[in-house]
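*Asks:* My structure is below; once you've seen it, I'll send some questions.
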Amino acid sequence: MRAMQISSEHPLLLRIVDDLAEHGWSQQNIFLPAGLTRELAAECRKREAEGELAPAAVGRGPFSEIREGIRGDHIQWIDPGQAESSDRYLNLMDSLREALNRGLFLGLEDFECHFALYPPGAFYRKHVDRFRDDDRRMVSAVVYLNDAWLPEDGGQLRMYLGEDRVHDVQPTGGCLVVFLSGEVPHEVLPAHRERLSLTGWFRRRGNEPF
């Protein structure tokens with residue numbers, strides 16, 4: 001298995017840390033190598049074809065429910081050892097976790113993520129990523145796996161940055177967006193073609209309810 005580990009002091013990771021410290025978010029248009037992006041997209045489509053992706057719910061625990069009027073993506077959580085491509089991505093995210101801890105003292109302990117596939121017409125209404133009763137999610141990270149995405153394809157990530165400012169991110173393959181989970185409201189605009197991503201969260205030890 002090919003490892004893909006970069007130093008937590010890599011300039012690209014340090015740029016993300018600086019962006020988060022100054023702005024609360026970071027966008028890196030060229031983060032994943034093209035080859036790994038294609039491999040992850042193929043893995044996502046393979047899992048979808050095998051019926052492993054399921055409609056995503058809103059809420060958590062006993063209060064979770066499928067509500068396509070709020071979100072319409074299909075997801076599957078990723079665990080180490082499932083595929084070479086996803087293991088390489090998890091290694092990259094672990095280096096970023098170390099960089100965030102070193103630069104911002106966040107006490108991040110782990111990273112959870114899932115494949116997300118938005119069928120044509122799907123969207124995700126405005127929300128924040130941290131649950132009201134669980135403060136473990138600290139930093140959100142989304143990497144896009146789409147080939148030759150055009151503005152007319154829709155599916156932009158719209159971030160609400162305060163003072164009536166919004167920033168739209170095109171879900172172009174290889175692009176990474178990182179932001180503070182509890183502080184940046186965002187939504188996914190309706191996609192007009194199949195839209196693929198890996199969506200994840202760096203977590204600290206928190207006040208999880210019983």
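Naming works like this for the structure tokens: A, B, ... for the chains as they're shown, residue 1 at the start of each chain, ligands 1 onward in shown order.
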Counting only C-alpha atoms, what is within 12 Å of range 35-44 of chain A, bar same-chain residues fewer than 6 positions away, as a PDB file with C-alpha atoms, in the first residue's frame?

*Replies:*
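Final file, part_13.pdb:
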ATOM      1  CA  ARG A   2       1.349   3.400  -0.949  1.00  0.00           C
ATOM      2  CA  ALA A   3       1.627   5.723   2.012  1.00  0.00           C
ATOM      3  CA  MET A   4       0.903   9.415   1.589  1.00  0.00           C
ATOM      4  CA  GLU A  50     -22.800  -1.453  -4.637  1.00  0.00           C
ATOM      5  CA  GLY A  51     -25.554   0.188  -2.600  1.00  0.00           C
ATOM      6  CA  GLU A  52     -23.298   1.215   0.271  1.00  0.00           C
ATOM      7  CA  LEU A  53     -24.199   4.924   0.255  1.00  0.00           C
ATOM      8  CA  HIS A  74     -26.104  10.074   0.059  1.00  0.00           C
ATOM      9  CA  ILE A  75     -23.196   9.208   2.350  1.00  0.00           C
ATOM     10  CA  GLN A  76     -20.984   6.456   3.710  1.00  0.00           C
ATOM     11  CA  TRP A  77     -18.583   6.867   6.612  1.00  0.00           C
ATOM     12  CA  ILE A  78     -14.937   5.961   6.044  1.00  0.00           C
ATOM     13  CA  GLN A  82     -11.216   0.022   3.620  1.00  0.00           C
ATOM     14  CA  ALA A  83      -9.383   1.264   0.523  1.00  0.00           C
ATOM     15  CA  GLU A  84      -5.906   2.461  -0.402  1.00  0.00           C
ATOM     16  CA  SER A  85      -7.166   5.801  -1.711  1.00  0.00           C
ATOM     17  CA  SER A  86      -9.130   6.672   1.420  1.00  0.00           C
ATOM     18  CA  ASP A  87      -6.223   5.597   3.648  1.00  0.00           C
ATOM     19  CA  ARG A  88      -3.942   7.995   1.784  1.00  0.00           C
ATOM     20  CA  TYR A  89      -6.451  10.787   2.321  1.00  0.00           C
ATOM     21  CA  LEU A  90      -6.759   9.995   6.021  1.00  0.00           C
ATOM     22  CA  LEU A  92      -3.041  13.681   4.793  1.00  0.00           C
ATOM     23  CA  HIS A 114     -17.686  10.325   4.876  1.00  0.00           C
ATOM     24  CA  PHE A 115     -18.142  10.206   1.149  1.00  0.00           C
ATOM     25  CA  ALA A 116     -21.016  12.441   0.031  1.00  0.00           C
ATOM     26  CA  LEU A 117     -22.769  12.082  -3.312  1.00  0.00           C
ATOM     27  CA  TYR A 118     -25.369  14.666  -4.314  1.00  0.00           C
ATOM     28  CA  VAL A 143     -12.438  18.077  -0.408  1.00  0.00           C
ATOM     29  CA  TYR A 144     -14.096  17.867  -3.822  1.00  0.00           C
ATOM     30  CA  LEU A 145     -13.796  14.982  -6.278  1.00  0.00           C
ATOM     31  CA  ASN A 146     -15.533  16.372  -9.388  1.00  0.00           C
ATOM     32  CA  ASP A 147     -13.995  16.452 -12.854  1.00  0.00           C
ATOM     33  CA  ALA A 148     -14.348  19.579 -15.046  1.00  0.00           C
ATOM     34  CA  THR A 172     -13.804  21.514  -8.370  1.00  0.00           C
ATOM     35  CA  GLY A 173     -11.808  18.314  -8.031  1.00  0.00           C
ATOM     36  CA  GLY A 174      -8.820  18.609  -5.687  1.00  0.00           C
ATOM     37  CA  CYS A 175     -10.083  21.747  -3.921  1.00  0.00           C
ATOM     38  CA  LEU A 176     -10.082  21.707  -0.105  1.00  0.00           C
ATOM     39  CA  GLU A 194     -23.716  14.391  -9.761  1.00  0.00           C
ATOM     40  CA  ARG A 195     -21.521  16.050  -7.113  1.00  0.00           C
ATOM     41  CA  LEU A 196     -18.904  14.137  -5.108  1.00  0.00           C
ATOM     42  CA  SER A 197     -16.943  15.094  -2.007  1.00  0.00           C
ATOM     43  CA  LEU A 198     -15.305  13.855   1.151  1.00  0.00           C
TER      44      LEU A 198
END

*Asks:* Excluding range 23-29 of chain A and its own-chain neighbours fewer than 4 positions away, which residues fall within 10 Å of it when counting only C-alpha atoms? Please give them as JSON, numbers by chain.

*Replies:* {"A": [12, 13, 15, 16, 17, 18, 19, 139, 140, 141, 142, 143, 144, 159, 161, 169, 170, 171, 172, 173, 174, 175, 176, 177, 178, 179, 180, 181, 183, 184]}

*Asks:* Please produce an output containing N, CA and C atoms for each residue in the selection, written as an mmCIF file, in the first residue's frame.

*Replies:*
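Output file selection-v1.cif follows:
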data_model
loop_
_atom_site.group_PDB
_atom_site.id
_atom_site.type_symbol
_atom_site.label_atom_id
_atom_site.label_comp_id
_atom_site.auth_asym_id
_atom_site.auth_seq_id
_atom_site.Cartn_x
_atom_site.Cartn_y
_atom_site.Cartn_z
ATOM 1 N N LEU A 12 1.880 24.308 2.704
ATOM 2 C CA LEU A 12 0.451 24.335 2.398
ATOM 3 C C LEU A 12 -0.387 24.171 3.666
ATOM 4 N N LEU A 13 0.024 23.280 4.543
ATOM 5 C CA LEU A 13 -0.710 23.091 5.790
ATOM 6 C C LEU A 13 -0.569 24.302 6.708
ATOM 7 N N ARG A 15 -0.241 27.325 5.731
ATOM 8 C CA ARG A 15 -1.100 28.362 5.155
ATOM 9 C C ARG A 15 -2.539 28.187 5.638
ATOM 10 N N ILE A 16 -3.002 26.941 5.700
ATOM 11 C CA ILE A 16 -4.352 26.680 6.197
ATOM 12 C C ILE A 16 -4.474 27.119 7.654
ATOM 13 N N VAL A 17 -3.470 26.795 8.461
ATOM 14 C CA VAL A 17 -3.477 27.194 9.869
ATOM 15 C C VAL A 17 -3.550 28.711 9.988
ATOM 16 N N ASP A 18 -2.742 29.425 9.212
ATOM 17 C CA ASP A 18 -2.748 30.890 9.260
ATOM 18 C C ASP A 18 -4.100 31.451 8.834
ATOM 19 N N ASP A 19 -4.693 30.877 7.785
ATOM 20 C CA ASP A 19 -6.007 31.337 7.325
ATOM 21 C C ASP A 19 -7.063 31.164 8.412
ATOM 22 N N VAL A 139 -13.225 21.693 13.625
ATOM 23 C CA VAL A 139 -12.820 22.173 12.302
ATOM 24 C C VAL A 139 -13.404 21.241 11.247
ATOM 25 N N SER A 140 -14.097 21.831 10.275
ATOM 26 C CA SER A 140 -14.671 21.072 9.159
ATOM 27 C C SER A 140 -13.712 21.094 7.979
ATOM 28 N N ALA A 141 -13.682 20.004 7.217
ATOM 29 C CA ALA A 141 -12.816 19.907 6.037
ATOM 30 C C ALA A 141 -13.580 19.193 4.927
ATOM 31 N N VAL A 142 -13.688 19.843 3.776
ATOM 32 C CA VAL A 142 -14.383 19.273 2.623
ATOM 33 C C VAL A 142 -13.434 19.293 1.435
ATOM 34 N N VAL A 143 -13.243 18.138 0.809
ATOM 35 C CA VAL A 143 -12.438 18.077 -0.408
ATOM 36 C C VAL A 143 -13.339 17.565 -1.531
ATOM 37 N N TYR A 144 -13.201 18.170 -2.700
ATOM 38 C CA TYR A 144 -14.096 17.867 -3.822
ATOM 39 C C TYR A 144 -13.433 16.918 -4.806
ATOM 40 N N MET A 159 -20.705 29.920 1.932
ATOM 41 C CA MET A 159 -20.369 30.198 3.324
ATOM 42 C C MET A 159 -20.828 31.607 3.685
ATOM 43 N N LEU A 161 -20.239 34.619 6.005
ATOM 44 C CA LEU A 161 -19.065 35.072 6.746
ATOM 45 C C LEU A 161 -19.327 36.294 7.607
ATOM 46 N N VAL A 169 -17.896 28.571 -3.107
ATOM 47 C CA VAL A 169 -16.787 27.708 -3.509
ATOM 48 C C VAL A 169 -17.277 26.759 -4.589
ATOM 49 N N GLN A 170 -16.604 26.775 -5.746
ATOM 50 C CA GLN A 170 -16.917 25.810 -6.791
ATOM 51 C C GLN A 170 -16.380 24.441 -6.365
ATOM 52 N N PRO A 171 -17.179 23.384 -6.454
ATOM 53 C CA PRO A 171 -16.722 22.062 -6.008
ATOM 54 C C PRO A 171 -15.825 21.360 -7.025
ATOM 55 N N THR A 172 -14.737 22.013 -7.363
ATOM 56 C CA THR A 172 -13.804 21.514 -8.370
ATOM 57 C C THR A 172 -12.891 20.451 -7.766
ATOM 58 N N GLY A 173 -12.627 19.408 -8.515
ATOM 59 C CA GLY A 173 -11.808 18.314 -8.031
ATOM 60 C C GLY A 173 -10.463 18.768 -7.497
ATOM 61 N N GLY A 174 -10.095 18.275 -6.312
ATOM 62 C CA GLY A 174 -8.820 18.609 -5.687
ATOM 63 C C GLY A 174 -8.861 19.784 -4.750
ATOM 64 N N CYS A 175 -9.958 20.567 -4.781
ATOM 65 C CA CYS A 175 -10.083 21.747 -3.921
ATOM 66 C C CYS A 175 -10.450 21.328 -2.501
ATOM 67 N N LEU A 176 -9.801 21.950 -1.520
ATOM 68 C CA LEU A 176 -10.082 21.707 -0.105
ATOM 69 C C LEU A 176 -10.571 22.992 0.544
ATOM 70 N N VAL A 177 -11.657 22.880 1.312
ATOM 71 C CA VAL A 177 -12.159 23.998 2.108
ATOM 72 C C VAL A 177 -12.159 23.571 3.571
ATOM 73 N N VAL A 178 -11.619 24.426 4.429
ATOM 74 C CA VAL A 178 -11.526 24.151 5.860
ATOM 75 C C VAL A 178 -12.117 25.347 6.596
ATOM 76 N N PHE A 179 -12.938 25.095 7.621
ATOM 77 C CA PHE A 179 -13.519 26.210 8.372
ATOM 78 C C PHE A 179 -13.879 25.762 9.785
ATOM 79 N N LEU A 180 -14.065 26.745 10.663
ATOM 80 C CA LEU A 180 -14.414 26.465 12.051
ATOM 81 C C LEU A 180 -15.849 25.960 12.118
ATOM 82 N N SER A 181 -16.030 24.773 12.663
ATOM 83 C CA SER A 181 -17.310 24.070 12.560
ATOM 84 C C SER A 181 -18.467 24.812 13.214
ATOM 85 N N GLU A 183 -18.734 28.095 13.773
ATOM 86 C CA GLU A 183 -18.763 29.536 13.545
ATOM 87 C C GLU A 183 -19.082 29.954 12.119
ATOM 88 N N VAL A 184 -19.144 29.026 11.188
ATOM 89 C CA VAL A 184 -19.362 29.385 9.781
ATOM 90 C C VAL A 184 -20.625 28.692 9.269
#

*Asks:* Identify, with DSSP run on backbone atoms, the residues in range 6-42 of chain A assigned to helix (DSSP H, G or I), and express the list as a ChimeraX atom specification.

*Replies:* /A:11-23,34-42

*Asks:* Keeping only N, CA and C atoms, write the selected residues to a file as a CSV table (one decimal), in the first residue's frame.

*Replies:*
chain,number,residue,atom,x,y,z
A,11,PRO,N,4.4,23.8,3.9
A,11,PRO,CA,3.9,25.2,3.7
A,11,PRO,C,2.4,25.3,3.4
A,12,LEU,N,1.9,24.3,2.7
A,12,LEU,CA,0.5,24.3,2.4
A,12,LEU,C,-0.4,24.2,3.7
A,13,LEU,N,0.0,23.3,4.5
A,13,LEU,CA,-0.7,23.1,5.8
A,13,LEU,C,-0.6,24.3,6.7
A,14,LEU,N,0.6,24.9,6.7
A,14,LEU,CA,0.8,26.1,7.6
A,14,LEU,C,0.0,27.3,7.0
A,15,ARG,N,-0.2,27.3,5.7
A,15,ARG,CA,-1.1,28.4,5.2
A,15,ARG,C,-2.5,28.2,5.6
A,16,ILE,N,-3.0,26.9,5.7
A,16,ILE,CA,-4.4,26.7,6.2
A,16,ILE,C,-4.5,27.1,7.7
A,17,VAL,N,-3.5,26.8,8.5
A,17,VAL,CA,-3.5,27.2,9.9
A,17,VAL,C,-3.6,28.7,10.0
A,18,ASP,N,-2.7,29.4,9.2
A,18,ASP,CA,-2.7,30.9,9.3
A,18,ASP,C,-4.1,31.5,8.8
A,19,ASP,N,-4.7,30.9,7.8
A,19,ASP,CA,-6.0,31.3,7.3
A,19,ASP,C,-7.1,31.2,8.4
A,20,LEU,N,-7.1,30.0,9.1
A,20,LEU,CA,-8.0,29.8,10.1
A,20,LEU,C,-7.9,30.8,11.3
A,21,ALA,N,-6.6,31.0,11.6
A,21,ALA,CA,-6.4,32.0,12.7
A,21,ALA,C,-6.8,33.4,12.4
A,22,GLU,N,-6.7,33.8,11.1
A,22,GLU,CA,-7.0,35.1,10.7
A,22,GLU,C,-8.5,35.3,10.3
A,23,HIS,N,-9.0,34.3,9.6
A,23,HIS,CA,-10.3,34.5,8.9
A,23,HIS,C,-11.4,33.4,9.4
A,34,ALA,N,-4.1,15.1,-8.7
A,34,ALA,CA,-5.1,14.7,-9.6
A,34,ALA,C,-5.4,13.2,-9.6
A,35,GLY,N,-4.3,12.4,-9.5
A,35,GLY,CA,-4.4,11.0,-9.4
A,35,GLY,C,-5.2,10.5,-8.2
A,36,LEU,N,-4.9,11.0,-7.1
A,36,LEU,CA,-5.7,10.7,-5.9
A,36,LEU,C,-7.1,11.1,-5.9
A,37,THR,N,-7.4,12.3,-6.5
A,37,THR,CA,-8.7,12.8,-6.7
A,37,THR,C,-9.5,11.8,-7.5
A,38,ARG,N,-9.0,11.3,-8.6
A,38,ARG,CA,-9.7,10.4,-9.5
A,38,ARG,C,-9.9,9.1,-8.8
A,39,GLU,N,-8.9,8.6,-8.0
A,39,GLU,CA,-9.1,7.3,-7.3
A,39,GLU,C,-10.2,7.4,-6.2
A,40,LEU,N,-10.3,8.5,-5.5
A,40,LEU,CA,-11.3,8.7,-4.5
A,40,LEU,C,-12.7,8.8,-5.2
A,41,ALA,N,-12.8,9.5,-6.3
A,41,ALA,CA,-14.0,9.6,-7.0
A,41,ALA,C,-14.5,8.2,-7.5
A,42,ALA,N,-13.6,7.4,-8.0
A,42,ALA,CA,-13.9,6.1,-8.4
A,42,ALA,C,-14.4,5.2,-7.2

*Asks:* Any idea what's packed within 12 Å of Leu106 in chain A, counting only C-alpha atoms, ignoring anything in its chain fewer than 5 positions away? Could you give it as a list in words?

*Replies:*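 Listing them by chain and then by number gives Val17, Leu20, Ala21, Arg97, Glu98, Ala99, Leu100, Asn101, Arg136, Arg137, Met138, Val139, Leu180, Phe202, Arg203, Arg204, Arg205 and Gly206 of chain A.
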
*Asks:* Please produce an output containing C-alpha atoms for each residue in the selection, written as a tab-separated table (two decimals), in the first residue's frame.

*Replies:*
chain	number	residue	atom	x	y	z
A	17	VAL	CA	-3.48	27.19	9.87
A	20	LEU	CA	-8.04	29.77	10.12
A	21	ALA	CA	-6.35	31.97	12.71
A	97	ARG	CA	-4.58	17.70	12.42
A	98	GLU	CA	-1.05	17.86	13.82
A	99	ALA	CA	-0.47	21.24	12.13
A	100	LEU	CA	-3.72	22.64	13.55
A	101	ASN	CA	-2.84	21.46	17.04
A	136	ARG	CA	-16.53	17.93	19.82
A	137	ARG	CA	-16.48	19.07	16.19
A	138	MET	CA	-14.00	21.92	15.92
A	139	VAL	CA	-12.82	22.17	12.30
A	180	LEU	CA	-14.41	26.47	12.05
A	202	PHE	CA	-11.54	17.28	13.28
A	203	ARG	CA	-12.76	16.61	16.81
A	204	ARG	CA	-11.59	17.29	20.33
A	205	ARG	CA	-12.63	15.55	23.51
A	206	GLY	CA	-15.86	17.29	24.44

*Asks:* For CA of Gly154 in chain A and CA of Ala54 in chain A, quote the distance in Å rounded to one decimal.

*Replies:* 22.2 Å
